[in-house]
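Engineer: Structure incoming, see below.
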Amino acid sequence: MKMKYLLPLILAFATHIESQIFNSKAIVHPEVGENGMVVSQHYLATDVGHSILKSGGNAYDASIAVAFALAVVLPRAGNIGGGGFMVMFDNETQQSYSIDYREMAPEFATKDMYLASDGSADRKKATQGVLSIAVPGTVYGMWDVHQKFGSLPWVSLLNPAIKLAEDGFLISPFMADALNEKYETLSKFKNFKDIFYHEYPVKMHRKLKQPDLAKTLKTISRKGVKGLYEGIVANKIDLFMKKNGGLITKKDLKNYRPVWRETLLGNYDDYEIITMGPPSSGGVHIIQMLNILEKYDLVNMGHNSSTYTALLTESMKYAYADRSKYLGDPSFFNVPVKTLISKTYADEINKKIKLDTITPSKQILPGSEMHQESLDTTHFSIADKNGNVVSNTYTLNSGYGSGVVIDGTGILMNNEMDDFVSAPGVPNQFGLVGGEANKIEPFKRPLSSMSPTIVLKNGTPVYATGSPGGAKIITTVLQFLLNTLDFEMEISDATVAPRIHHQWKPDILMLEEGFDIHHAKKIESMGQQIFISDPSTSLESIEIKNGRFYGFGDTRRPDSDAKGL
């Protein structure tokens with residue numbers, strides 16, 4: 001057949017493919033919607049966000065409602081006693097925004113508050129009980145977002161969470177397992193035990209009610225941000241701290257403020273990466289690693305091949321080495337962001353990388369070219385029909401935070417003080433090493449790995465993503481971006497593909513269950529020690545294409561859910 005006859009058929013086929021709802025090559029398929037999408041780590045919170053969008057609210061309204069709902073139904077990570085970061089793309093202004101509502105060290109915190117007499121760090125003090133708690137930021141962060149972008153009344157956004165706390169909800173099998181696994185550690189905290197271990201073992205499908213938390217949420221609903229940071233709730237927090245040897249005072253609460261920060265911008269091929277800057281380390285090192293990898297033909301190497309994996313491993317080592325020295329709260333330490341995310345800096349690192357070669361971590365020093373939160377952080381992504389996109393990651397740090405519930409409030413408090421460096425060079429509870437940039441100081445925000453990220457193409461949002469997983473957050477988001485931008489995977493396949501992780505120290509490459517054993521053996525033969533790890537991260541992502549919204553909640557966390565309009 002002559003070309004003039006073939007061309008119309010080719011064009012017709014291309015048009016047909018473009019109009020298809022699902023990618024026929026995908027193994028796992030995402031949720032799809034025409035007027036918006038909500039993806040979170042708990043189906044009840046996803047339903048709340050969906051209902052807000054359906055009632056005419058925008059992505060910011062839905063995000064606030066989801067954040068408060070997660071504080072009720074996902075107490076291991078969702079919170080009003082913790083903090084986090086939100087990255088936004090606002091369609092009306094065609095601008096990106098980011099807010100840092102990270103927790104803050106109280107006024108009476110000191111750099112050696114966790115040191116034992118022999119100079120070692122007291123891990124228990126840093127991770128459990130009142131001394132591990134930093135001043136929470138979530139409520140103030142959500143309040144500021146509402147003041148700037150909200151369209152529905154504040155009260156209406158908290159009502160779903162109040163109802164869930166007051167009427168109760170059925171404990172999922174996943175939540176029952178999570179609580180039972182933590183019984184030995186958390187049952188020693190009386191208030192926690194009274195709420196969550198009323199019966200033990202915790203049984204799935206038992207109704208959990210949280211009346212004290214419902215009262216606190218009602219107070220925040222009526223009084224706004226003052227409902228937590230001043231008045232009766234603040235008095236209860238202050239009294240609890242005084243009675244139990246904690247540091248947070250009414251003054252700490254009243255003086256807390258979130259910070260609107262410039263978004264961190266990077267470019268990868270034809271895409272613009274919008275992410276969070278310090279005190280999050282995630283954005284800096286995602287852009288740094290993308291700059292390193294941009295020079296290579298990753299597709300030709302093959303996804304998760306030994307060559308590809310070794311290259312990613314090398315880039316991760318250099319990024320995490322820099323993290324240990326250069327990252328901290330920019331109000332206290334001059335973080336060299338421009339250098340770390342520059343293409344020139346990536347070129348210098350690339351000169352040291354040789355394909356199919358492993359460099360021992362001891363040969364990679366922090367900054368030779370120029371610490372972490374828990375697996376139980378949580379993320380949600382939301383997009384509305386008006387083109388607004390939100391990517392939010394927040395946390396209590398460890399699963400269920402410090403274990404401390406403030407008397408009469410139902411508020412489960414964070415243990416974010418462990419995200420500071422208790423002693424320079426001493427790893428925190430998750431194995432990350434930090435230095436002077438992240439030492440404990442009053443009013444300082446601890447370093448984080450949280451990496452809420454939005455991707456644009458030609459000025460239009462195409463992806464929103466993020467994950468829990470502590471140190472693994474950064475490498476998880478990186479691999480999602482490579483899977484979608486380079487390998488053109490459907491977001492569902494990009495999410496379920498086995499992941500890898502290396503954080504410089506210890507010098508161990510973690511390969512997720514399901515990673516090809518033949519490639520694993522080849523990498524090991526290069527001299528890289530490997531460890532097969534259980535799944536520990538949970539991407540909650542959105543893709544926007546062809547006028548539709550695609551959402552996928554990571555199946556690594558069974559309660560994750562996406563719901564489109």
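The chains in the structure tokens are called A, B, ... from first to last as shown; in each chain the residues are counted from 1, and the ligands are counted from 1 in the order shown.
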With only C-alpha atoms counted and 12 Å as the cut-off, give the residues of region 76-132 of chain A in contact with region 52-61 of chain A, each with its shortest interatomic distance in Å and the pair that gives it, as a Markdown table.
Structural biologist:
```
| residue | atom | partner | partner_atom | distance |
| --- | --- | --- | --- | --- |
| A:Met86 | CA | A:Tyr60 | CA | 10.2 |
| A:Val87 | CA | A:Tyr60 | CA | 10.7 |
| A:Met88 | CA | A:Tyr60 | CA | 8.6 |
| A:Phe89 | CA | A:Ala59 | CA | 10.0 |
| A:Asp90 | CA | A:Ala59 | CA | 9.5 |
| A:Asn91 | CA | A:Ala59 | CA | 10.8 |
| A:Glu92 | CA | A:Asn58 | CA | 11.9 |
| A:Tyr97 | CA | A:Tyr60 | CA | 11.8 |
```
Engineer: Extract, using only C-alpha atoms, all DNA, RNA and protein residues at most 7 Å from region 442-459 of chain A, discarding same-chain residues fewer than 6 positions from it, and format them as a PDB file with N, CA and C atoms, in the first residue's frame.
Structural biologist:
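Below you can see part_32.pdb, which holds the result:
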```
ATOM      1  N   MET A  86       3.619  21.274  52.411  1.00  0.00           N
ATOM      2  CA  MET A  86       2.662  21.223  51.312  1.00  0.00           C
ATOM      3  C   MET A  86       3.212  22.029  50.138  1.00  0.00           C
ATOM      4  N   VAL A  87       3.171  21.420  48.946  1.00  0.00           N
ATOM      5  CA  VAL A  87       3.557  22.092  47.697  1.00  0.00           C
ATOM      6  C   VAL A  87       2.306  22.216  46.845  1.00  0.00           C
ATOM      7  N   ARG A 102       6.468  22.471  59.462  1.00  0.00           N
ATOM      8  CA  ARG A 102       7.286  21.504  60.195  1.00  0.00           C
ATOM      9  C   ARG A 102       7.286  21.862  61.680  1.00  0.00           C
ATOM     10  N   GLU A 103       7.417  20.850  62.534  1.00  0.00           N
ATOM     11  CA  GLU A 103       7.489  21.096  63.964  1.00  0.00           C
ATOM     12  C   GLU A 103       8.745  21.894  64.318  1.00  0.00           C
ATOM     13  N   MET A 104       8.732  22.477  65.514  1.00  0.00           N
ATOM     14  CA  MET A 104       9.831  23.349  65.937  1.00  0.00           C
ATOM     15  C   MET A 104      10.297  22.957  67.342  1.00  0.00           C
ATOM     16  N   ALA A 105      11.603  23.027  67.575  1.00  0.00           N
ATOM     17  CA  ALA A 105      12.142  22.747  68.903  1.00  0.00           C
ATOM     18  C   ALA A 105      11.647  23.798  69.893  1.00  0.00           C
ATOM     19  N   PRO A 106      11.243  23.379  71.088  1.00  0.00           N
ATOM     20  CA  PRO A 106      10.795  24.364  72.083  1.00  0.00           C
ATOM     21  C   PRO A 106      11.928  25.242  72.589  1.00  0.00           C
ATOM     22  N   GLU A 107      11.564  26.322  73.232  1.00  0.00           N
ATOM     23  CA  GLU A 107      12.548  27.319  73.688  1.00  0.00           C
ATOM     24  C   GLU A 107      13.601  26.714  74.609  1.00  0.00           C
ATOM     25  N   PHE A 108      13.200  25.751  75.435  1.00  0.00           N
ATOM     26  CA  PHE A 108      14.131  25.215  76.428  1.00  0.00           C
ATOM     27  C   PHE A 108      14.878  23.966  75.948  1.00  0.00           C
ATOM     28  N   ALA A 109      14.811  23.666  74.649  1.00  0.00           N
ATOM     29  CA  ALA A 109      15.585  22.550  74.096  1.00  0.00           C
ATOM     30  C   ALA A 109      17.065  22.916  74.064  1.00  0.00           C
ATOM     31  N   THR A 110      17.920  21.920  74.278  1.00  0.00           N
ATOM     32  CA  THR A 110      19.371  22.145  74.235  1.00  0.00           C
ATOM     33  C   THR A 110      20.029  21.088  73.365  1.00  0.00           C
ATOM     34  N   ASP A 270      12.231  17.797  29.370  1.00  0.00           N
ATOM     35  CA  ASP A 270      11.214  18.799  29.053  1.00  0.00           C
ATOM     36  C   ASP A 270      10.290  19.099  30.241  1.00  0.00           C
ATOM     37  N   TYR A 271      10.627  18.585  31.391  1.00  0.00           N
ATOM     38  CA  TYR A 271       9.733  18.718  32.536  1.00  0.00           C
ATOM     39  C   TYR A 271      10.288  19.691  33.570  1.00  0.00           C
ATOM     40  N   GLU A 272       9.379  20.387  34.260  1.00  0.00           N
ATOM     41  CA  GLU A 272       9.751  21.255  35.362  1.00  0.00           C
ATOM     42  C   GLU A 272       9.365  20.561  36.661  1.00  0.00           C
ATOM     43  N   ILE A 273      10.320  20.430  37.565  1.00  0.00           N
ATOM     44  CA  ILE A 273      10.098  19.774  38.847  1.00  0.00           C
ATOM     45  C   ILE A 273       9.857  20.847  39.906  1.00  0.00           C
ATOM     46  N   ILE A 274       8.723  20.767  40.589  1.00  0.00           N
ATOM     47  CA  ILE A 274       8.386  21.695  41.670  1.00  0.00           C
ATOM     48  C   ILE A 274       8.362  20.896  42.956  1.00  0.00           C
ATOM     49  N   THR A 275       9.194  21.257  43.912  1.00  0.00           N
ATOM     50  CA  THR A 275       9.286  20.458  45.124  1.00  0.00           C
ATOM     51  C   THR A 275       9.630  21.344  46.317  1.00  0.00           C
ATOM     52  N   MET A 276       9.903  20.715  47.456  1.00  0.00           N
ATOM     53  CA  MET A 276      10.094  21.443  48.713  1.00  0.00           C
ATOM     54  C   MET A 276      11.571  21.644  49.006  1.00  0.00           C
ATOM     55  N   PRO A 279      13.696  23.224  55.324  1.00  0.00           N
ATOM     56  CA  PRO A 279      14.408  22.124  55.972  1.00  0.00           C
ATOM     57  C   PRO A 279      14.054  20.723  55.470  1.00  0.00           C
ATOM     58  N   SER A 280      13.288  20.617  54.393  1.00  0.00           N
ATOM     59  CA  SER A 280      13.181  19.317  53.733  1.00  0.00           C
ATOM     60  C   SER A 280      14.438  19.101  52.897  1.00  0.00           C
ATOM     61  N   SER A 281      15.013  17.920  53.019  1.00  0.00           N
ATOM     62  CA  SER A 281      16.172  17.605  52.183  1.00  0.00           C
ATOM     63  C   SER A 281      15.739  16.931  50.893  1.00  0.00           C
ATOM     64  N   GLY A 282      14.464  16.491  50.853  1.00  0.00           N
ATOM     65  CA  GLY A 282      14.003  15.690  49.734  1.00  0.00           C
ATOM     66  C   GLY A 282      14.117  16.366  48.393  1.00  0.00           C
ATOM     67  N   GLY A 283      13.588  17.590  48.299  1.00  0.00           N
ATOM     68  CA  GLY A 283      13.593  18.294  47.027  1.00  0.00           C
ATOM     69  C   GLY A 283      14.989  18.533  46.486  1.00  0.00           C
ATOM     70  N   LEU A 327      22.588  19.849  54.941  1.00  0.00           N
ATOM     71  CA  LEU A 327      21.163  20.126  55.032  1.00  0.00           C
ATOM     72  C   LEU A 327      20.718  20.379  56.467  1.00  0.00           C
ATOM     73  N   GLY A 328      19.896  21.407  56.628  1.00  0.00           N
ATOM     74  CA  GLY A 328      19.346  21.768  57.924  1.00  0.00           C
ATOM     75  C   GLY A 328      18.339  22.893  57.747  1.00  0.00           C
ATOM     76  N   ASP A 329      17.914  23.476  58.848  1.00  0.00           N
ATOM     77  CA  ASP A 329      16.969  24.591  58.821  1.00  0.00           C
ATOM     78  C   ASP A 329      17.677  25.828  58.268  1.00  0.00           C
ATOM     79  N   GLN A 372      16.583  11.214  59.717  1.00  0.00           N
ATOM     80  CA  GLN A 372      15.402  10.795  58.957  1.00  0.00           C
ATOM     81  C   GLN A 372      14.155  10.599  59.797  1.00  0.00           C
ATOM     82  N   GLU A 373      12.966  10.786  59.267  1.00  0.00           N
ATOM     83  CA  GLU A 373      11.730  10.471  59.951  1.00  0.00           C
ATOM     84  C   GLU A 373      11.241   9.083  59.593  1.00  0.00           C
ATOM     85  N   SER A 391       0.224  18.730  46.688  1.00  0.00           N
ATOM     86  CA  SER A 391       1.012  17.567  47.094  1.00  0.00           C
ATOM     87  C   SER A 391       1.445  17.807  48.533  1.00  0.00           C
ATOM     88  N   ASN A 392       1.009  16.958  49.458  1.00  0.00           N
ATOM     89  CA  ASN A 392       1.227  17.206  50.882  1.00  0.00           C
ATOM     90  C   ASN A 392       1.781  15.968  51.582  1.00  0.00           C
ATOM     91  N   THR A 393       2.847  16.161  52.357  1.00  0.00           N
ATOM     92  CA  THR A 393       3.399  15.100  53.188  1.00  0.00           C
ATOM     93  C   THR A 393       3.490  15.606  54.619  1.00  0.00           C
ATOM     94  N   ASP A 419      14.560  13.847  64.875  1.00  0.00           N
ATOM     95  CA  ASP A 419      15.032  14.211  63.537  1.00  0.00           C
ATOM     96  C   ASP A 419      16.182  15.212  63.583  1.00  0.00           C
ATOM     97  N   PHE A 420      16.440  15.767  64.765  1.00  0.00           N
ATOM     98  CA  PHE A 420      17.670  16.534  64.958  1.00  0.00           C
ATOM     99  C   PHE A 420      18.825  15.560  65.200  1.00  0.00           C
ATOM    100  N   THR A 465       2.986  13.834  43.364  1.00  0.00           N
ATOM    101  CA  THR A 465       3.356  12.583  44.033  1.00  0.00           C
ATOM    102  C   THR A 465       4.067  12.858  45.349  1.00  0.00           C
ATOM    103  N   GLY A 466       4.221  11.829  46.131  1.00  0.00           N
ATOM    104  CA  GLY A 466       4.939  11.876  47.392  1.00  0.00           C
ATOM    105  C   GLY A 466       4.721  10.568  48.119  1.00  0.00           C
ATOM    106  N   GLY A 470      10.460   7.628  55.549  1.00  0.00           N
ATOM    107  CA  GLY A 470      11.704   8.084  56.140  1.00  0.00           C
ATOM    108  C   GLY A 470      12.765   8.373  55.102  1.00  0.00           C
ATOM    109  N   ALA A 471      13.955   7.823  55.307  1.00  0.00           N
ATOM    110  CA  ALA A 471      15.070   8.052  54.384  1.00  0.00           C
ATOM    111  C   ALA A 471      14.735   7.589  52.979  1.00  0.00           C
ATOM    112  N   ILE A 473      11.968   7.978  51.387  1.00  0.00           N
ATOM    113  CA  ILE A 473      11.052   8.874  50.671  1.00  0.00           C
ATOM    114  C   ILE A 473      11.729   9.440  49.431  1.00  0.00           C
ATOM    115  N   ILE A 474      12.934   9.934  49.594  1.00  0.00           N
ATOM    116  CA  ILE A 474      13.627  10.638  48.521  1.00  0.00           C
ATOM    117  C   ILE A 474      13.863   9.717  47.329  1.00  0.00           C
TER     118      ILE A 474
END
```
Engineer: One decimal, Å: what's the distance from CA of Ser361 (chain A) over to CA of Ile523 (chain A), could you say?
Structural biologist: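 Separation of CA of Ser361 (chain A) and CA of Ile523 (chain A): 15.2 Å.
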Engineer: Enumerate the residues of region 157-390 of chain A with a DSSP assignment of strand (DSSP E), computed from the backbone, and present them as a ChimeraX atom specification.
Structural biologist: /A:169-170,207-208,259-261,264-268,271-275,378-384,389-390
Engineer: Suppose you want the space between CA of Asn438 (chain A) and CA of Tyr394 (chain A); what is it in Å?
Structural biologist: 19.2 Å
Engineer: From the options A:Ala165, A:Ala45, A:Val259, A:Leu179, which residue's atoms come nearest to Phe192 (chain A), counting only C-alpha atoms?
Structural biologist: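 Of all the options, A:Leu179 lies closest to Phe192 (chain A).
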Engineer: To one decimal in Å, tell me the separation between CA of Ala234 (chain A) and CA of Lys218 (chain A).
Structural biologist: 14.4 Å
Engineer: Kindly indicate which residue among A:Val145, A:Ile500, A:Ile411, A:Ile248 lies nearest to Val130 (chain A), using only C-alpha atoms for the distances.
Structural biologist: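 Closest residue, counting only C-alpha atoms: A:Ile248.
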Engineer: Excluding Val155 (chain A) and any residue of its chain fewer than 2 positions from it, enumerate the residues within 12 Å of it, using only C-alpha atoms, and give them as a ChimeraX atom specification.
Structural biologist: /A:61,64-65,68,143,146,150-153,157-162,217-225
Engineer: Contacts of Met489 (chain A) at 12 Å or less, counting only C-alpha atoms, minus same-chain residues fewer than 3 places along, as a ChimeraX atom specification?
Structural biologist: /A:22-30,299,303,479-486,492-497,543
Engineer: Now that the selection is made, can you save its residues with N, CA, C and O atoms as a short mmCIF file (atom, residue, chain, number, x, y, z; two decimals), in the first residue's frame?
Structural biologist:
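Result went into result13.cif, see below:
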```
data_model
loop_
_atom_site.label_atom_id
_atom_site.label_comp_id
_atom_site.auth_asym_id
_atom_site.auth_seq_id
_atom_site.Cartn_x
_atom_site.Cartn_y
_atom_site.Cartn_z
N PHE A 22 -7.50 4.16 29.22
CA PHE A 22 -6.42 3.45 29.90
C PHE A 22 -5.31 3.07 28.93
O PHE A 22 -5.55 2.84 27.75
N ASN A 23 -4.10 3.00 29.46
CA ASN A 23 -2.96 2.50 28.70
C ASN A 23 -3.07 0.98 28.60
O ASN A 23 -2.99 0.27 29.61
N SER A 24 -3.25 0.48 27.40
CA SER A 24 -3.47 -0.95 27.21
C SER A 24 -2.26 -1.79 27.58
O SER A 24 -2.36 -3.01 27.79
N LYS A 25 -1.08 -1.16 27.70
CA LYS A 25 0.13 -1.89 28.05
C LYS A 25 0.32 -2.01 29.57
O LYS A 25 1.18 -2.77 30.03
N ALA A 26 -0.48 -1.26 30.32
CA ALA A 26 -0.32 -1.27 31.78
C ALA A 26 -0.77 -2.60 32.37
O ALA A 26 -1.75 -3.20 31.91
N ILE A 27 -0.06 -3.05 33.38
CA ILE A 27 -0.41 -4.29 34.08
C ILE A 27 -1.42 -3.98 35.20
O ILE A 27 -2.34 -4.74 35.46
N VAL A 28 -1.21 -2.86 35.87
CA VAL A 28 -2.11 -2.40 36.93
C VAL A 28 -2.71 -1.07 36.48
O VAL A 28 -1.99 -0.23 35.94
N HIS A 29 -4.01 -0.87 36.70
CA HIS A 29 -4.65 0.34 36.19
C HIS A 29 -5.06 1.28 37.32
O HIS A 29 -5.47 0.85 38.40
N PRO A 30 -4.95 2.59 37.07
CA PRO A 30 -5.31 3.58 38.07
C PRO A 30 -6.81 3.90 38.07
O PRO A 30 -7.54 3.49 37.17
N VAL A 299 16.72 4.48 29.40
CA VAL A 299 15.83 3.54 28.74
C VAL A 299 16.62 2.43 28.05
O VAL A 299 16.27 1.25 28.12
N HIS A 303 15.06 -0.91 32.51
CA HIS A 303 14.56 -0.62 33.85
C HIS A 303 15.01 -1.68 34.85
O HIS A 303 14.84 -2.88 34.62
N GLN A 479 12.46 7.43 41.91
CA GLN A 479 12.20 6.31 41.00
C GLN A 479 10.82 6.42 40.34
O GLN A 479 10.65 6.00 39.20
N PHE A 480 9.85 6.99 41.06
CA PHE A 480 8.55 7.22 40.42
C PHE A 480 8.71 8.18 39.24
O PHE A 480 8.15 7.96 38.16
N LEU A 481 9.49 9.22 39.43
CA LEU A 481 9.71 10.20 38.35
C LEU A 481 10.43 9.56 37.16
O LEU A 481 10.06 9.78 36.00
N LEU A 482 11.43 8.75 37.43
CA LEU A 482 12.14 8.07 36.34
C LEU A 482 11.22 7.08 35.63
O LEU A 482 11.24 6.98 34.40
N ASN A 483 10.41 6.37 36.40
CA ASN A 483 9.50 5.38 35.81
C ASN A 483 8.47 6.03 34.88
O ASN A 483 8.10 5.45 33.85
N THR A 484 8.02 7.22 35.25
CA THR A 484 7.00 7.89 34.43
C THR A 484 7.61 8.74 33.32
O THR A 484 7.19 8.67 32.16
N LEU A 485 8.61 9.54 33.66
CA LEU A 485 9.16 10.50 32.70
C LEU A 485 10.07 9.83 31.67
O LEU A 485 10.05 10.19 30.50
N ASP A 486 10.86 8.86 32.09
CA ASP A 486 11.78 8.17 31.16
C ASP A 486 11.14 6.92 30.56
O ASP A 486 11.18 6.73 29.34
N SER A 492 0.23 3.64 37.82
CA SER A 492 0.03 2.43 38.62
C SER A 492 1.23 1.49 38.50
O SER A 492 1.75 0.99 39.52
N ASP A 493 1.68 1.25 37.28
CA ASP A 493 2.87 0.39 37.08
C ASP A 493 4.13 1.05 37.65
O ASP A 493 5.00 0.38 38.20
N ALA A 494 4.22 2.37 37.49
CA ALA A 494 5.37 3.11 38.03
C ALA A 494 5.43 2.99 39.55
O ALA A 494 6.51 3.04 40.15
N THR A 495 4.28 2.81 40.16
CA THR A 495 4.19 2.72 41.62
C THR A 495 4.52 1.32 42.13
O THR A 495 5.25 1.16 43.11
N VAL A 496 4.00 0.30 41.48
CA VAL A 496 4.17 -1.07 42.01
C VAL A 496 5.52 -1.68 41.65
O VAL A 496 5.91 -2.70 42.23
N ALA A 497 6.25 -1.09 40.71
CA ALA A 497 7.56 -1.64 40.33
C ALA A 497 8.49 -1.71 41.54
O ALA A 497 8.50 -0.80 42.37
N GLU A 543 -1.82 11.64 37.94
CA GLU A 543 -1.38 12.07 36.61
C GLU A 543 -2.54 12.78 35.93
O GLU A 543 -3.70 12.36 36.07
#
```
Engineer: Taking only C-alpha atoms into account, name the residue in A:Leu511, A:Ala67, A:Val284, A:Leu115 that is nearest to Ser342 (chain A).
Structural biologist: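 Of A:Leu511, A:Ala67, A:Val284, A:Leu115, the one nearest Ser342 (chain A), counting only C-alpha atoms, is A:Val284.
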Engineer: Hey, what's within 8 Å of Tyr43 (chain A) if we count only C-alpha atoms and toss same-chain stuff fewer than 6 positions away? As a list in words, please?
Structural biologist: Asp559, Ser560, Asp561 and Ala562 of chain A
Engineer: Selection from above, all heavy atoms, as an mmCIF file, in the first residue's frame, can you write it?
Structural biologist:
```
data_model
loop_
_atom_site.group_PDB
_atom_site.id
_atom_site.type_symbol
_atom_site.label_atom_id
_atom_site.label_comp_id
_atom_site.auth_asym_id
_atom_site.auth_seq_id
_atom_site.Cartn_x
_atom_site.Cartn_y
_atom_site.Cartn_z
ATOM 1 N N ASP A 559 -4.757 0.199 52.867
ATOM 2 C CA ASP A 559 -5.873 1.138 53.018
ATOM 3 C C ASP A 559 -5.808 2.309 52.043
ATOM 4 O O ASP A 559 -6.724 3.136 52.003
ATOM 5 C CB ASP A 559 -5.923 1.679 54.454
ATOM 6 C CG ASP A 559 -6.293 0.598 55.461
ATOM 7 O OD1 ASP A 559 -6.829 -0.442 55.029
ATOM 8 O OD2 ASP A 559 -6.048 0.794 56.669
ATOM 9 N N SER A 560 -4.722 2.406 51.268
ATOM 10 C CA SER A 560 -4.588 3.505 50.300
ATOM 11 C C SER A 560 -5.727 3.463 49.295
ATOM 12 O O SER A 560 -6.205 2.390 48.916
ATOM 13 C CB SER A 560 -3.250 3.407 49.561
ATOM 14 O OG SER A 560 -2.173 3.642 50.432
ATOM 15 N N ASP A 561 -6.128 4.658 48.843
ATOM 16 C CA ASP A 561 -7.274 4.705 47.943
ATOM 17 C C ASP A 561 -7.235 5.967 47.096
ATOM 18 O O ASP A 561 -6.813 7.029 47.560
ATOM 19 C CB ASP A 561 -8.569 4.671 48.755
ATOM 20 C CG ASP A 561 -9.806 4.529 47.886
ATOM 21 O OD1 ASP A 561 -9.766 3.744 46.918
ATOM 22 O OD2 ASP A 561 -10.817 5.189 48.185
ATOM 23 N N ALA A 562 -7.678 5.828 45.849
ATOM 24 C CA ALA A 562 -7.834 6.962 44.932
ATOM 25 C C ALA A 562 -9.294 7.037 44.514
ATOM 26 O O ALA A 562 -9.948 6.013 44.316
ATOM 27 C CB ALA A 562 -6.937 6.794 43.709
#
```
Engineer: Leaving out Met204 (chain A) and any residue of its chain fewer than 3 positions from it, which residues lie within 10 Å of it when counting only C-alpha atoms, given as a list in words?
Structural biologist: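 Contacts, in chain order: Leu170, Ile171, Ser172, Pro173, Phe174, Met175, Ala176, Asp177, Pro201 and Lys207 of chain A.
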Engineer: What's around Tyr308 (chain A) at 9 Å? Count only C-alpha atoms, leave out sequence neighbours fewer than 5 positions away in its own chain, and write the answer as a ChimeraX atom specification.
Structural biologist: /A:298-299,301-303,313,355-356
